[in-house]
Amino acid sequence: MRRLLLLAFPSVLLIAGCGPSSSGGPSSSSTDGKSLFAAKCGACHTLKAAGTSGTFGPNLDDLKPGKALVLNTIKTGPGPMPAGLYQGKQAGAVAAFVSSMAGK
């Protein structure tokens with residue numbers, strides 16, 4: 001039983017760290033790319049401009065993705081990243097922020 005709990009614990013952290021935040025996050029109508037990124041993406045990704053230092057997902061300062069790639073990644077959620085973390089204007093705001101600030 002103890003071994004099972006040890007194996008399940010990292011999964012719980014991953015799900016909790018890369019999903020919606022119930023406290024202190026931006027409102028559901030916010031289009032501030034920096035705060036949206038920090039709320040749902042920063043636990044997994046490093047992006048200096050957002051003040052985040054996640055180590056599970058790719059370091060976006062090193063990757064320097066373009067806006068189209070960020071939008072597609074938010075939509076499809078490759079690998080362990082959940083699909084559809086943001087939609088519409090919020091996805092666009094995050095993509096614009098990441099693509100313009102990565103590597104700076």
# chains A, B, ... in the order shown; residues from 1 in each chain; ligands from 1

$ select_by_dssp --residues "region 28-83 of chain A" --states "helix (DSSP H, G or I)" --output "list of chain:residue names"
A:Gly33, A:Lys34, A:Ser35, A:Leu36, A:Phe37, A:Ala38, A:Ala39, A:Lys40, A:Lys48, A:Ala49, A:Ala50, A:Leu60, A:Asp61, A:Asp62, A:Leu63, A:Lys67, A:Ala68, A:Leu69, A:Val70, A:Leu71, A:Asn72, A:Thr73, A:Ile74, A:Lys75, A:Thr76

$ residues_around --residues "Ser99 (chain A)" --least-positions-apart "4" --cutoff "6 Å" --atoms "only C-alpha atoms" --output "list in words"
Pro65, Gly66, Lys67 and Ala95 of chain A

$ closest_residue --among "A:Pro82, A:Gly88, A:Gly103, A:Pro26" --to "Ala49 (chain A)" --atoms "only C-alpha atoms"
A:Gly103

$ atom_distance --atom1 "CA of Ala96 (chain A)" --atom2 "CA of Ser53 (chain A)"
19.3 Å

$ closest_residue --among "A:Pro78, A:Gly33, A:Asn72, A:Ala38" --to "Gly54 (chain A)" --atoms "only C-alpha atoms"
A:Ala38

$ residues_around --residues "Cys44 (chain A)" --least-positions-apart "4" --cutoff "6 Å" --atoms "only C-alpha atoms" --output "list in words"
Gly54, Thr55, Phe56 and Gly57 of chain A

$ closest_residue --among "A:Leu69, A:Val94, A:Asp61, A:Lys75" --to "Ala39 (chain A)" --atoms "only C-alpha atoms"
A:Val94

$ closest_residue --among "A:Pro80, A:Val98, A:Leu85, A:Leu47" --to "Ala68 (chain A)" --atoms "only C-alpha atoms"
A:Val98

$ closest_residue --among "A:Tyr86, A:Leu71, A:Pro58, A:Gly79" --to "Lys40 (chain A)" --atoms "only C-alpha atoms"
A:Tyr86
